[in-house]
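*Asks:* This is the structure I have questions about; it appears just below.
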Amino acid sequence: MTETMSGYELHEIASIIGAQIKGDAACRVFAINTIQDAGSGEIAFLSNPKYQGYLTSTKASALILAPQLADQFSGNALVMDNPYLGFAKVAQLLDTTPPIATGIHPMAVVADSADVAQSANIAAGAIIGEGVCIGENVQIGANCVVGQGSRIGNDSRIYPSVSIYHNVTIGERAIIHSGSVIGSDGFGFANEAGNWVKIPQLGGVVIGSDFECGANCTIDRGAIRDTVIGDDVKLDNMCHLAHNVEFGDHSAMAAYSGVAGSSKVGEYCTISGRVTILGHIELADGVHVTAGSQVSKSLDKGAYSSGSPLMSNRDWKRNVARLRQLDEMAKSIKQLEKQIAQLKSENSDE
Amino acid sequence: MTETMSGYELHEIASIIGAQIKGDAACRVFAINTIQDAGSGEIAFLSNPKYQGYLTSTKASALILAPQLADQFSGNALVMDNPYLGFAKVAQLLDTTPPIATGIHPMAVVADSADVAQSANIAAGAIIGEGVCIGENVQIGANCVVGQGSRIGNDSRIYPSVSIYHNVTIGERAIIHSGSVIGSDGFGFANEAGNWVKIPQLGGVVIGSDFECGANCTIDRGAIRDTVIGDDVKLDNMCHLAHNVEFGDHSAMAAYSGVAGSSKVGEYCTISGRVTILGHIELADGVHVTAGSQVSKSLDKGAYSSGSPLMSNRDWKRNVARLRQLDEMAKSIKQLEKQIAQLKSENSDE
Amino acid sequence: MTETMSGYELHEIASIIGAQIKGDAACRVFAINTIQDAGSGEIAFLSNPKYQGYLTSTKASALILAPQLADQFSGNALVMDNPYLGFAKVAQLLDTTPPIATGIHPMAVVADSADVAQSANIAAGAIIGEGVCIGENVQIGANCVVGQGSRIGNDSRIYPSVSIYHNVTIGERAIIHSGSVIGSDGFGFANEAGNWVKIPQLGGVVIGSDFECGANCTIDRGAIRDTVIGDDVKLDNMCHLAHNVEFGDHSAMAAYSGVAGSSKVGEYCTISGRVTILGHIELADGVHVTAGSQVSKSLDKGAYSSGSPLMSNRDWKRNVARLRQLDEMAKSIKQLEKQIAQLKSENSDE
């Protein structure tokens with residue numbers, strides 16, 4: 001682990017993460033590590049019970065752990081109900097991620113009409129278009145492109161090689177990872193005698209605050225109205241939001257998941273990886289969808305799934321062919337039930 | 001909506017989109033909007049019957065609608081059989097999408113041997129390789145890369161951060177969205193005692209006219225011969241065409257769909273999202289595949305599907321386990337049928 | 001086919017690829033082509049029996065083929081057990097792929113503290129960060145970005161527009177295709193009263209030698225420890241490896257396949273396209289997974305599958321609804337079996 005320069009004493013950390021101190025409040029830690037690898041000067045956490053065995057062997061200078069385990073650990077501890085949350089906050093304190101950009105690089109290209117905050121940072125090769133507005137402390141990575149009239153809120157961090165089209169509005173504290181594309185045309189065509197006629201996509205994209213989006217995502221602009229993403233939305237790598245999607249506050253979606261045109265995802269939804277949400281449907285607040293599912297209709301709050309189970313290739317070959325006979329099988333069962341009922345009644349008639 | 005400067009009078013639009021005017025032929029519209037949001041100076045359309053209720057309340061200065069609804073609307077109307085097509089054409093007229101590039105930016109890098117048309121436009125940070133040929137009115141976005149010997153046809157628009165490898169030929173009027181990669185190596189390896197031996201991919205990519213490809217697509221070059229894409233092909237975001245795929249004229253494919261090596265997709269095919277077309281197979285003209293399907297064999301014209309339905313997670317857990325028993329279930333049904341036939345025959349023997 | 005300048009005589013090729021010569025050892029070939037298209041000066045191969053018919057008609061100057069077919073071909077032949085491997089090696093000899101970069105372009109940006117080998121090549125628009133180490137003969141493509149402290153091994157080729165974050169280590173002879181992102185943050189958040197709290201991703205990525213990765217892949221950095229990729233690993237386009245994945249030597253994965261957080265893929269595994277490997281599981285060495293499967297549990301060596309078969313849309317609609325009744329169907333079968341057993345016993349009691 002790279003060490004942060006000066007570290008923190010446990011009492012400082014305790015007050016920031018809201019934990020009780022057990023042991024030496026003046027113990028200073030400089031880096032975070034796993035419970036099994038941590039050494040002197042490092043802090044670790046215990047959240048998953050399968051690592052409980054390391055409680056006696058860990059070399060960490062301090063541990064974040066839950067009250068019920070505090071008695072089993074003889075070292076310095078920060079005790080709190082949700083050690084994983086504690087870990088997140090300590091990782092933020094001891095974050096070693098280097099800045100994406102520092103100052104405005106002479107090899108960045110910034111349009112004269114762009115409004116760039118004094119404290120904003122723009123790396124080499126970034127191209128900032130006409131009328132763009134870049135907020136305070138924003139970091140724009142190398143070779144990013146921001147199109148005409150787009151706005152990036154204060155404290156946002158845009159990693160290298162992100163493409164943001166024109167008329168895209170991104171809120172404060174966004175983190176956008178490399179290769180993501182925001183504001184590309186929605187997939188819209190009319191058909192005229194077999195030929196596709198393009199429908200220019202005239203809407204924009206509006207994204208709330210605290211957005212994070214992984215690498216190589218795509219978020220299309222709206223056809224007429226905007227594509228709209230709420231606050232505190234988190235997308236993993238290679239997610240896709242189509243034109244005019246609305247994606248609610250505090251909802252999150254794992255890798256390869258996508259939402260087709262004009263669908264609405266509610267607030268506090270958790271969409272696992274490789275989920276397909278078809279177009280023109282609506283997911284209520286609090287919907288959870290498991291990995292690999294295809295959502296073909298609107299959903300009330302609850303947990304939903306589709307997909308088939310993994311088998312040995314040999315068993316799968318035997319079983320999968322039967323899927324083509326499923327309706328026939330169901331009808332055979334009904335027939336059998338009728339025949340048995342008749343046999344029974346005949347027998348009882350005798 | 002951003003307004004276009006001077007707008008169009010309805011009689012001008014009518015003649016361009018092939019509609020009948022009802023009402024004031026001199027009414028001028030400046031922008032397109034939805035039927036529910038449109039106001040003065042804006043034109044809207046009605047295609048989906050679910051918006052029919054807005055016919056009486058819309059504030060639009062004009063509506064594009066079908067003949068059978070014309071009587072229900074008292075305002076200015078452009079009447080035509082396919083209002084959605086009319087909308088597409090009006091959106092093209094009133095398109096507010098800014099140019100991708102204007103002139104050749106001093107921070108573009110153009111090889112001496114490149115043949116760039118006088119009217120071509122190349123944005124900052126774009127890198128144009130040796131022997132590249134760029135046609136009339138082409139727009140190349142910021143930070144695009146075009147490799148040695150590639151050709152881009154007249155009037156094509158390449159959005160920022162597109163990577164085009166060497167020996168790729170793109171026809172006229174292409175639109176390629178950010179992050180797409182054209183001409184990357186196909187996935188080809190021989191195996192020698194457990195080690196992978198790379199097969200250099202020596203073919204190119206040849207794309208017809210009127211191609212549009214969404215953001216973050218990948219189209220691999222051929223192993224020996226070329227990967228070939230016809231005219232009027234439309235790909236949504238994150239589509240993938242593997243080496244030596246042939247993709248027919250007027251076919252379209254939605255997001256996340258991919259075609260594996262050496263497969264052929266016919267003309268006028270419509271492939272929905274997240275479809276996997278396995279390698280070395282052939283889809284006839286006019287094939288339609290629904291979302292999430294995996295195509296494992298060649299197909300005649302028709303509509304095809306695979307995949308399982310969404311359920312509550314609880315129902316899914318109950319049902320999905322049965323998929324492992326499907327073959328056994330089918331055999332049990334056959335057994336039951338035999339046993340019942342025997343019981344019946346015994347009963348009738350009595 | 002583009003020709004290489006001077007070509008090779010068959011005896012040279014034979015000794016390089018380990019084949020027996022039949023015919024004129026001094027015959028010189030300049031390019032590789034398919035058996036059906038090859039002409040004078042070109043060498044082809046026959047591996048797939050379906051092309052056997054071309055043995056008598058091919059115009060190739062030489063053919064690579066298997067011993068059992070050598071008698072059926074009257075021309076010059078290179079005879080070996082694995083002609084496909086021979087083809088791979090000849091394609092490497094006659095490779096016409098142009099260099100990605102030649103020298104260090106004046107429009108590249110290289111940090112003062114970067115350690116760039118004399119023989120390394122860096123194209124225009126590439127941005128090389130502080131403390132980066134670039135090995136001998138490395139080629140870095142146009143508009144690539146390499147973050148602080150990352151290392152790229154000798155003879156590696158990085159195609160244009162690749163984004164490599166900080167503290168990423170890539171071994172020798174890597175090939176990374178355009179649009180790929182290596183070292184982006186893993187998808188890690190704790191939840192505090194409905195709000196997501198980011199977990200900074202403090203690990204790195206360590207990749208062995210002879211890595212090849214297709215276009216638009218994403219490989220996330222580890223949360224605390226590193227994401228680790230072995231030697232001779234091959235990834236197709238749009239693959240995704242999440243944080244802390246371990247991916248074993250000589251394993252390969254086709255397009256759109258992804259591995260979720262902390263999972264381990266063994267050595268010599270072959271993962272087909274669109275496979276989802278869920279998190280925190282382990283695949284043994286030598287596992288094969290077929291296209292479209294979702295792997296939800298750890299696997300021993302063997303071949304595995306999931307997914308449903310393609311049908312006409314009409315049949316699919318009939319059959320797929322039955323999946324919701326599967327558990328019920330299975331229970332009905334059990335009921336029927338009981339009832340029949342009872343009927344039988346009644347009958348035999350009579």
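Letters for chains follow the order of the structure tokens (A, B, ...), residue numbers begin at 1 for each chain, and ligand numbers begin at 1 in the order shown.
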Return chain B as a CSV table (one decimal) with C-alpha atoms, in the first residue's frame, after superposing it on chain A by a least-squares fit that covers all C-alpha atoms paired in order.
*Replies:*
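out.csv was written with the following content:
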chain,number,residue,atom,x,y,z
B,1,MET,CA,0.0,-0.1,0.0
B,2,THR,CA,1.1,3.4,-0.8
B,3,GLU,CA,1.2,5.4,2.5
B,4,THR,CA,-0.3,8.7,3.1
B,5,MET,CA,2.2,11.2,4.5
B,6,SER,CA,1.1,11.9,8.0
B,7,GLY,CA,-1.6,9.5,8.9
B,8,TYR,CA,-4.3,9.8,11.5
B,9,GLU,CA,-4.5,9.0,15.2
B,10,LEU,CA,-7.4,6.6,16.1
B,11,HIS,CA,-9.3,9.3,18.1
B,12,GLU,CA,-9.4,11.5,14.9
B,13,ILE,CA,-10.7,8.6,12.8
B,14,ALA,CA,-13.2,7.6,15.5
B,15,SER,CA,-14.8,10.9,15.5
B,16,ILE,CA,-14.9,11.1,11.7
B,17,ILE,CA,-16.4,7.6,11.2
B,18,GLY,CA,-18.5,7.6,14.4
B,19,ALA,CA,-16.8,4.7,16.2
B,20,GLN,CA,-15.9,3.9,19.9
B,21,ILE,CA,-12.2,3.5,20.6
B,22,LYS,CA,-11.0,0.5,22.4
B,23,GLY,CA,-7.2,0.6,23.2
B,24,ASP,CA,-4.7,3.3,22.4
B,25,ALA,CA,-6.5,6.5,21.1
B,26,ALA,CA,-3.2,8.0,20.1
B,27,CYS,CA,-2.2,5.1,17.8
B,28,ARG,CA,-1.4,6.5,14.4
B,29,VAL,CA,-2.2,4.7,11.2
B,30,PHE,CA,-1.0,5.6,7.7
B,31,ALA,CA,-2.7,3.2,5.4
B,32,ILE,CA,-5.5,0.8,5.0
B,33,ASN,CA,-5.0,-2.9,4.3
B,34,THR,CA,-6.8,-6.2,4.5
B,35,ILE,CA,-7.0,-8.0,7.9
B,36,GLN,CA,-4.8,-10.8,6.6
B,37,ASP,CA,-2.1,-8.5,5.1
B,38,ALA,CA,-2.1,-5.5,7.3
B,39,GLY,CA,1.1,-4.7,9.3
B,40,SER,CA,2.3,-2.0,11.6
B,41,GLY,CA,0.9,1.4,10.9
B,42,GLU,CA,-2.0,0.0,8.9
B,43,ILE,CA,-5.7,-0.2,9.8
B,44,ALA,CA,-8.0,-3.0,8.6
B,45,PHE,CA,-11.6,-3.9,9.0
B,46,LEU,CA,-13.7,-7.0,9.7
B,47,SER,CA,-17.1,-7.2,8.1
B,48,ASN,CA,-17.3,-10.6,6.5
B,49,PRO,CA,-17.5,-13.3,9.2
B,50,LYS,CA,-15.4,-15.7,7.1
B,51,TYR,CA,-12.3,-13.6,8.0
B,52,GLN,CA,-13.0,-13.8,11.7
B,53,GLY,CA,-10.2,-16.3,12.1
B,54,TYR,CA,-7.7,-13.5,11.5
B,55,LEU,CA,-8.8,-11.7,14.7
B,56,THR,CA,-6.0,-13.4,16.7
B,57,SER,CA,-3.3,-13.3,14.0
B,58,THR,CA,-3.6,-10.0,12.3
B,59,LYS,CA,-0.7,-7.6,12.6
B,60,ALA,CA,-2.8,-4.5,11.9
B,61,SER,CA,-2.2,-1.6,14.2
B,62,ALA,CA,-6.0,-1.2,14.5
B,63,LEU,CA,-9.2,-2.9,13.4
B,64,ILE,CA,-12.6,-1.6,12.6
B,65,LEU,CA,-15.1,-4.1,13.9
B,66,ALA,CA,-18.6,-4.7,15.2
B,67,PRO,CA,-19.5,-4.6,18.9
B,68,GLN,CA,-20.2,-8.3,19.2
B,69,LEU,CA,-16.6,-9.1,18.1
B,70,ALA,CA,-14.8,-6.5,20.2
B,71,ASP,CA,-14.2,-8.9,23.0
B,72,GLN,CA,-12.4,-11.3,20.8
B,73,PHE,CA,-9.8,-8.8,19.7
B,74,SER,CA,-7.0,-7.8,22.0
B,75,GLY,CA,-5.5,-4.9,19.8
B,76,ASN,CA,-6.7,-1.4,19.2
B,77,ALA,CA,-10.2,-1.3,17.8
B,78,LEU,CA,-12.7,1.1,16.4
B,79,VAL,CA,-16.0,-0.3,17.3
B,80,MET,CA,-19.2,0.4,15.2
B,81,ASP,CA,-22.3,-1.3,14.0
B,82,ASN,CA,-21.3,-1.1,10.3
B,83,PRO,CA,-17.6,-1.8,10.0
B,84,TYR,CA,-17.9,-1.8,6.2
B,85,LEU,CA,-19.1,1.8,6.3
B,86,GLY,CA,-16.3,2.6,8.6
B,87,PHE,CA,-13.9,1.1,6.1
B,88,ALA,CA,-15.3,3.2,3.3
B,89,LYS,CA,-14.8,6.4,5.3
B,90,VAL,CA,-11.3,5.5,6.4
B,91,ALA,CA,-10.4,4.6,2.8
B,92,GLN,CA,-11.6,8.1,1.9
B,93,LEU,CA,-9.3,9.6,4.6
B,94,LEU,CA,-6.3,7.5,3.5
B,95,ASP,CA,-7.1,7.7,-0.2
B,96,THR,CA,-3.9,7.6,-2.3
B,97,THR,CA,-5.6,8.2,-5.7
B,98,PRO,CA,-3.5,10.8,-7.5
B,99,PRO,CA,-5.2,13.9,-8.9
B,100,ILE,CA,-6.5,13.5,-12.4
B,101,ALA,CA,-5.3,17.0,-13.4
B,102,THR,CA,-3.4,19.9,-11.8
B,103,GLY,CA,-3.9,23.3,-13.3
B,104,ILE,CA,-4.7,23.9,-16.9
B,105,HIS,CA,-2.2,22.1,-19.1
B,106,PRO,CA,-0.7,24.1,-22.0
B,107,MET,CA,-1.7,21.2,-24.3
B,108,ALA,CA,-5.3,21.4,-23.3
B,109,VAL,CA,-7.6,23.2,-25.8
B,110,VAL,CA,-10.2,25.5,-24.1
B,111,ALA,CA,-12.6,27.5,-26.2
B,112,ASP,CA,-12.6,31.2,-25.6
B,113,SER,CA,-16.2,31.2,-24.7
B,114,ALA,CA,-15.8,28.5,-22.1
B,115,ASP,CA,-16.4,29.5,-18.5
B,116,VAL,CA,-13.8,27.7,-16.5
B,117,ALA,CA,-13.5,28.2,-12.7
B,118,GLN,CA,-10.2,29.5,-11.4
B,119,SER,CA,-9.8,26.4,-9.3
B,120,ALA,CA,-10.6,24.0,-12.2
B,121,ASN,CA,-7.9,21.6,-13.6
B,122,ILE,CA,-7.7,20.4,-17.2
B,123,ALA,CA,-5.1,17.9,-18.3
B,124,ALA,CA,-3.2,17.7,-21.6
B,125,GLY,CA,-5.2,16.8,-24.7
B,126,ALA,CA,-8.5,17.7,-23.2
B,127,ILE,CA,-10.7,19.7,-25.5
B,128,ILE,CA,-13.3,22.0,-24.0
B,129,GLY,CA,-15.9,23.4,-26.4
B,130,GLU,CA,-17.6,26.7,-26.9
B,131,GLY,CA,-19.8,27.9,-24.0
B,132,VAL,CA,-18.8,25.0,-21.7
B,133,CYS,CA,-19.1,25.7,-18.0
B,134,ILE,CA,-16.6,24.0,-15.7
B,135,GLY,CA,-17.2,24.4,-11.9
B,136,GLU,CA,-14.8,24.9,-9.0
B,137,ASN,CA,-12.2,22.3,-8.3
B,138,VAL,CA,-13.3,20.2,-11.3
B,139,GLN,CA,-10.6,17.8,-12.6
B,140,ILE,CA,-10.8,17.0,-16.3
B,141,GLY,CA,-8.5,14.1,-17.4
B,142,ALA,CA,-6.2,13.9,-20.4
B,143,ASN,CA,-7.9,13.6,-23.8
B,144,CYS,CA,-11.4,14.2,-22.5
B,145,VAL,CA,-13.8,16.1,-24.9
B,146,VAL,CA,-16.6,18.3,-23.6
B,147,GLY,CA,-19.0,19.5,-26.2
B,148,GLN,CA,-20.6,22.9,-26.8
B,149,GLY,CA,-22.6,24.3,-24.0
B,150,SER,CA,-22.2,21.4,-21.5
B,151,ARG,CA,-21.8,22.1,-17.8
B,152,ILE,CA,-19.8,20.2,-15.2
B,153,GLY,CA,-20.6,20.8,-11.5
B,154,ASN,CA,-18.2,21.7,-8.8
B,155,ASP,CA,-15.7,19.1,-7.5
B,156,SER,CA,-16.4,16.7,-10.3
B,157,ARG,CA,-13.7,14.3,-11.5
B,158,ILE,CA,-13.7,13.2,-15.1
B,159,TYR,CA,-11.0,10.5,-15.8
B,160,PRO,CA,-9.1,10.5,-19.1
B,161,SER,CA,-10.8,9.8,-22.5
B,162,VAL,CA,-14.3,10.6,-21.5
B,163,SER,CA,-16.5,12.0,-24.3
B,164,ILE,CA,-19.2,14.4,-23.3
B,165,TYR,CA,-21.4,15.7,-26.1
B,166,HIS,CA,-23.1,19.1,-26.3
B,167,ASN,CA,-25.8,20.3,-23.9
B,168,VAL,CA,-25.1,17.8,-21.2
B,169,THR,CA,-25.4,19.0,-17.6
B,170,ILE,CA,-23.6,17.1,-14.9
B,171,GLY,CA,-24.1,17.9,-11.2
B,172,GLU,CA,-21.6,18.4,-8.4
B,173,ARG,CA,-19.1,15.8,-7.2
B,174,ALA,CA,-19.5,13.5,-10.2
B,175,ILE,CA,-16.9,10.8,-10.9
B,176,ILE,CA,-16.9,9.6,-14.5
B,177,HIS,CA,-14.4,6.9,-15.5
B,178,SER,CA,-12.5,6.6,-18.8
B,179,GLY,CA,-14.1,5.7,-22.0
B,180,SER,CA,-17.6,6.7,-21.0
B,181,VAL,CA,-19.7,8.6,-23.5
B,182,ILE,CA,-22.5,10.9,-22.3
B,183,GLY,CA,-24.9,12.5,-24.7
B,184,SER,CA,-24.5,10.3,-27.8
B,185,ASP,CA,-27.5,10.1,-30.1
B,186,GLY,CA,-30.3,7.9,-29.0
B,187,PHE,CA,-31.1,5.0,-31.4
B,188,GLY,CA,-34.0,6.6,-33.3
B,189,PHE,CA,-35.0,5.9,-36.9
B,190,ALA,CA,-38.2,6.0,-38.9
B,191,ASN,CA,-38.6,3.5,-41.7
B,192,GLU,CA,-39.5,4.6,-45.2
B,193,ALA,CA,-39.9,1.8,-47.7
B,194,GLY,CA,-37.2,-0.2,-46.1
B,195,ASN,CA,-34.7,2.7,-45.7
B,196,TRP,CA,-33.9,4.0,-42.3
B,197,VAL,CA,-34.5,7.8,-41.8
B,198,LYS,CA,-32.5,9.2,-39.0
B,199,ILE,CA,-34.3,11.1,-36.2
B,200,PRO,CA,-31.9,13.8,-35.0
B,201,GLN,CA,-31.7,13.5,-31.2
B,202,LEU,CA,-32.5,17.0,-30.0
B,203,GLY,CA,-32.8,16.5,-26.2
B,204,GLY,CA,-29.9,16.6,-23.8
B,205,VAL,CA,-28.8,14.7,-20.7
B,206,VAL,CA,-29.3,16.1,-17.2
B,207,ILE,CA,-27.5,14.4,-14.3
B,208,GLY,CA,-27.9,15.2,-10.6
B,209,SER,CA,-25.2,15.4,-8.0
B,210,ASP,CA,-22.9,12.7,-6.7
B,211,PHE,CA,-23.1,10.7,-9.9
B,212,GLU,CA,-20.5,8.0,-10.4
B,213,CYS,CA,-20.2,6.1,-13.7
B,214,GLY,CA,-17.7,3.3,-14.4
B,215,ALA,CA,-15.6,2.9,-17.5
B,216,ASN,CA,-17.0,2.6,-21.0
B,217,CYS,CA,-20.6,3.4,-20.1
B,218,THR,CA,-22.9,5.1,-22.6
B,219,ILE,CA,-25.7,7.5,-21.8
B,220,ASP,CA,-27.7,8.7,-24.8
B,221,ARG,CA,-29.2,12.2,-25.1
B,222,GLY,CA,-33.0,12.4,-25.4
B,223,ALA,CA,-34.9,12.5,-28.7
B,224,ILE,CA,-36.8,15.6,-27.8
B,225,ARG,CA,-36.9,15.9,-24.1
B,226,ASP,CA,-33.8,15.1,-21.9
B,227,THR,CA,-32.5,11.8,-20.5
B,228,VAL,CA,-32.6,12.4,-16.8
B,229,ILE,CA,-30.5,10.9,-14.0
B,230,GLY,CA,-31.2,11.7,-10.4
B,231,ASP,CA,-28.8,12.3,-7.4
B,232,ASP,CA,-26.5,9.8,-5.9
B,233,VAL,CA,-26.8,7.4,-8.9
B,234,LYS,CA,-24.0,4.8,-9.3
B,235,LEU,CA,-23.4,2.9,-12.5
B,236,ASP,CA,-20.7,0.2,-12.9
B,237,ASN,CA,-18.7,-0.4,-16.1
B,238,MET,CA,-20.3,-0.7,-19.5
B,239,CYS,CA,-23.8,0.3,-18.4
B,240,HIS,CA,-26.1,1.9,-21.0
B,241,LEU,CA,-29.0,4.3,-20.6
B,242,ALA,CA,-30.9,4.9,-23.8
B,243,HIS,CA,-32.7,8.1,-24.8
B,244,ASN,CA,-35.2,9.5,-22.5
B,245,VAL,CA,-34.5,7.1,-19.7
B,246,GLU,CA,-35.2,8.5,-16.2
B,247,PHE,CA,-33.1,6.9,-13.5
B,248,GLY,CA,-34.0,7.7,-9.9
B,249,ASP,CA,-32.1,9.0,-6.9
B,250,HIS,CA,-29.9,6.6,-5.0
B,251,SER,CA,-30.3,3.8,-7.6
B,252,ALA,CA,-27.4,1.7,-8.6
B,253,MET,CA,-26.7,-0.7,-11.5
B,254,ALA,CA,-23.9,-3.2,-12.0
B,255,ALA,CA,-21.8,-4.0,-15.0
B,256,TYR,CA,-23.3,-4.5,-18.5
B,257,SER,CA,-26.8,-3.5,-17.4
B,258,GLY,CA,-28.8,-1.4,-19.6
B,259,VAL,CA,-32.1,0.5,-19.8
B,260,ALA,CA,-33.9,0.8,-23.1
B,261,GLY,CA,-35.6,4.0,-24.4
B,262,SER,CA,-38.1,6.0,-22.3
B,263,SER,CA,-38.1,3.5,-19.3
B,264,LYS,CA,-38.1,4.9,-15.8
B,265,VAL,CA,-36.2,3.3,-12.9
B,266,GLY,CA,-37.4,4.5,-9.5
B,267,GLU,CA,-35.4,5.6,-6.5
B,268,TYR,CA,-33.3,3.2,-4.3
B,269,CYS,CA,-33.4,0.5,-6.9
B,270,THR,CA,-30.5,-2.0,-7.1
B,271,ILE,CA,-30.0,-3.6,-10.5
B,272,SER,CA,-27.4,-6.4,-10.6
B,273,GLY,CA,-25.1,-7.1,-13.5
B,274,ARG,CA,-26.1,-7.9,-17.1
B,275,VAL,CA,-29.8,-6.9,-16.6
B,276,THR,CA,-31.8,-5.7,-19.6
B,277,ILE,CA,-34.7,-3.4,-18.9
B,278,LEU,CA,-36.8,-3.1,-22.0
B,279,GLY,CA,-38.2,0.1,-23.2
B,280,HIS,CA,-41.3,2.1,-22.2
B,281,ILE,CA,-41.7,0.5,-18.8
B,282,GLU,CA,-41.5,1.7,-15.2
B,283,LEU,CA,-39.8,0.3,-12.2
B,284,ALA,CA,-41.2,1.5,-8.8
B,285,ASP,CA,-38.9,2.7,-6.0
B,286,GLY,CA,-37.0,-0.1,-4.2
B,287,VAL,CA,-37.0,-2.7,-7.0
B,288,HIS,CA,-34.2,-5.2,-6.9
B,289,VAL,CA,-33.4,-7.2,-10.0
B,290,THR,CA,-30.9,-10.2,-9.9
B,291,ALA,CA,-28.1,-10.7,-12.4
B,292,GLY,CA,-28.8,-11.6,-16.0
B,293,SER,CA,-32.5,-10.9,-15.8
B,294,GLN,CA,-34.6,-9.3,-18.6
B,295,VAL,CA,-37.3,-7.0,-17.4
B,296,SER,CA,-40.1,-6.9,-19.9
B,297,LYS,CA,-42.9,-5.2,-17.9
B,298,SER,CA,-43.4,-2.5,-15.2
B,299,LEU,CA,-42.6,-3.7,-11.7
B,300,ASP,CA,-43.8,-2.9,-8.2
B,301,LYS,CA,-41.4,-2.8,-5.3
B,302,GLY,CA,-39.8,-6.2,-4.8
B,303,ALA,CA,-37.1,-8.6,-5.9
B,304,TYR,CA,-37.3,-10.1,-9.4
B,305,SER,CA,-35.3,-12.6,-11.5
B,306,SER,CA,-35.1,-14.5,-14.7
B,307,GLY,CA,-32.6,-16.8,-16.3
B,308,SER,CA,-31.7,-20.4,-16.2
B,309,PRO,CA,-29.3,-22.3,-13.9
B,310,LEU,CA,-25.8,-23.5,-14.7
B,311,MET,CA,-25.3,-27.3,-15.3
B,312,SER,CA,-22.7,-29.5,-16.7
B,313,ASN,CA,-22.7,-29.2,-20.4
B,314,ARG,CA,-23.9,-32.8,-20.7
B,315,ASP,CA,-26.9,-32.3,-18.4
B,316,TRP,CA,-27.7,-29.0,-20.1
B,317,LYS,CA,-27.9,-30.6,-23.5
B,318,ARG,CA,-30.3,-33.2,-22.1
B,319,ASN,CA,-32.5,-30.7,-20.4
B,320,VAL,CA,-32.4,-27.7,-22.7
B,321,ALA,CA,-34.0,-29.5,-25.6
B,322,ARG,CA,-37.0,-30.1,-23.3
B,323,LEU,CA,-37.7,-26.4,-23.2
B,324,ARG,CA,-39.0,-26.7,-26.7
B,325,GLN,CA,-41.5,-29.3,-25.5
B,326,LEU,CA,-42.6,-27.5,-22.3
B,327,ASP,CA,-46.1,-26.5,-23.5
B,328,GLU,CA,-46.6,-30.0,-24.8
B,329,MET,CA,-45.4,-31.4,-21.4
B,330,ALA,CA,-47.9,-29.2,-19.5
B,331,LYS,CA,-50.7,-30.4,-21.8
B,332,SER,CA,-49.7,-34.0,-21.3
B,333,ILE,CA,-49.9,-33.5,-17.6
B,334,LYS,CA,-53.4,-32.1,-17.9
B,335,GLN,CA,-54.4,-35.1,-20.0
B,336,LEU,CA,-52.9,-37.5,-17.5
B,337,GLU,CA,-54.8,-35.9,-14.7
B,338,LYS,CA,-58.1,-36.2,-16.6
B,339,GLN,CA,-57.4,-39.8,-17.5
B,340,ILE,CA,-56.5,-40.7,-13.9
B,341,ALA,CA,-59.6,-39.0,-12.6
B,342,GLN,CA,-61.6,-41.1,-15.0
B,343,LEU,CA,-59.9,-44.3,-14.1
B,344,LYS,CA,-60.5,-43.5,-10.5
B,345,SER,CA,-64.1,-42.8,-11.0
B,346,GLU,CA,-64.5,-46.0,-13.1
B,347,ASN,CA,-62.8,-48.0,-10.3
B,348,SER,CA,-65.0,-46.5,-7.7
B,349,ASP,CA,-68.0,-47.2,-9.9
B,350,GLU,CA,-67.2,-50.9,-9.9
*Asks:* Check stretch 100-143 of chain C with DSSP on the backbone and list each residue it calls strand (DSSP E or B), as a list in words.
*Replies:*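 Selecting the strand (DSSP E or B) positions of stretch 100-143 of chain C gives Ile104, Val109, Val110, Asp115, Val116, Asn121, Ile122, Ile127, Ile128, Cys133, Ile134, Gln139 and Ile140 of chain C.
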*Asks:* I need the residues of stretch 86-134 of chain B that end up classed as alpha helix (DSSP H) by DSSP on the backbone, written out as a list in words.
*Replies:*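 Alpha helix (DSSP H) members of stretch 86-134 of chain B, listed: Gly86, Phe87, Ala88, Lys89, Val90, Ala91, Gln92 and Leu93 of chain B.
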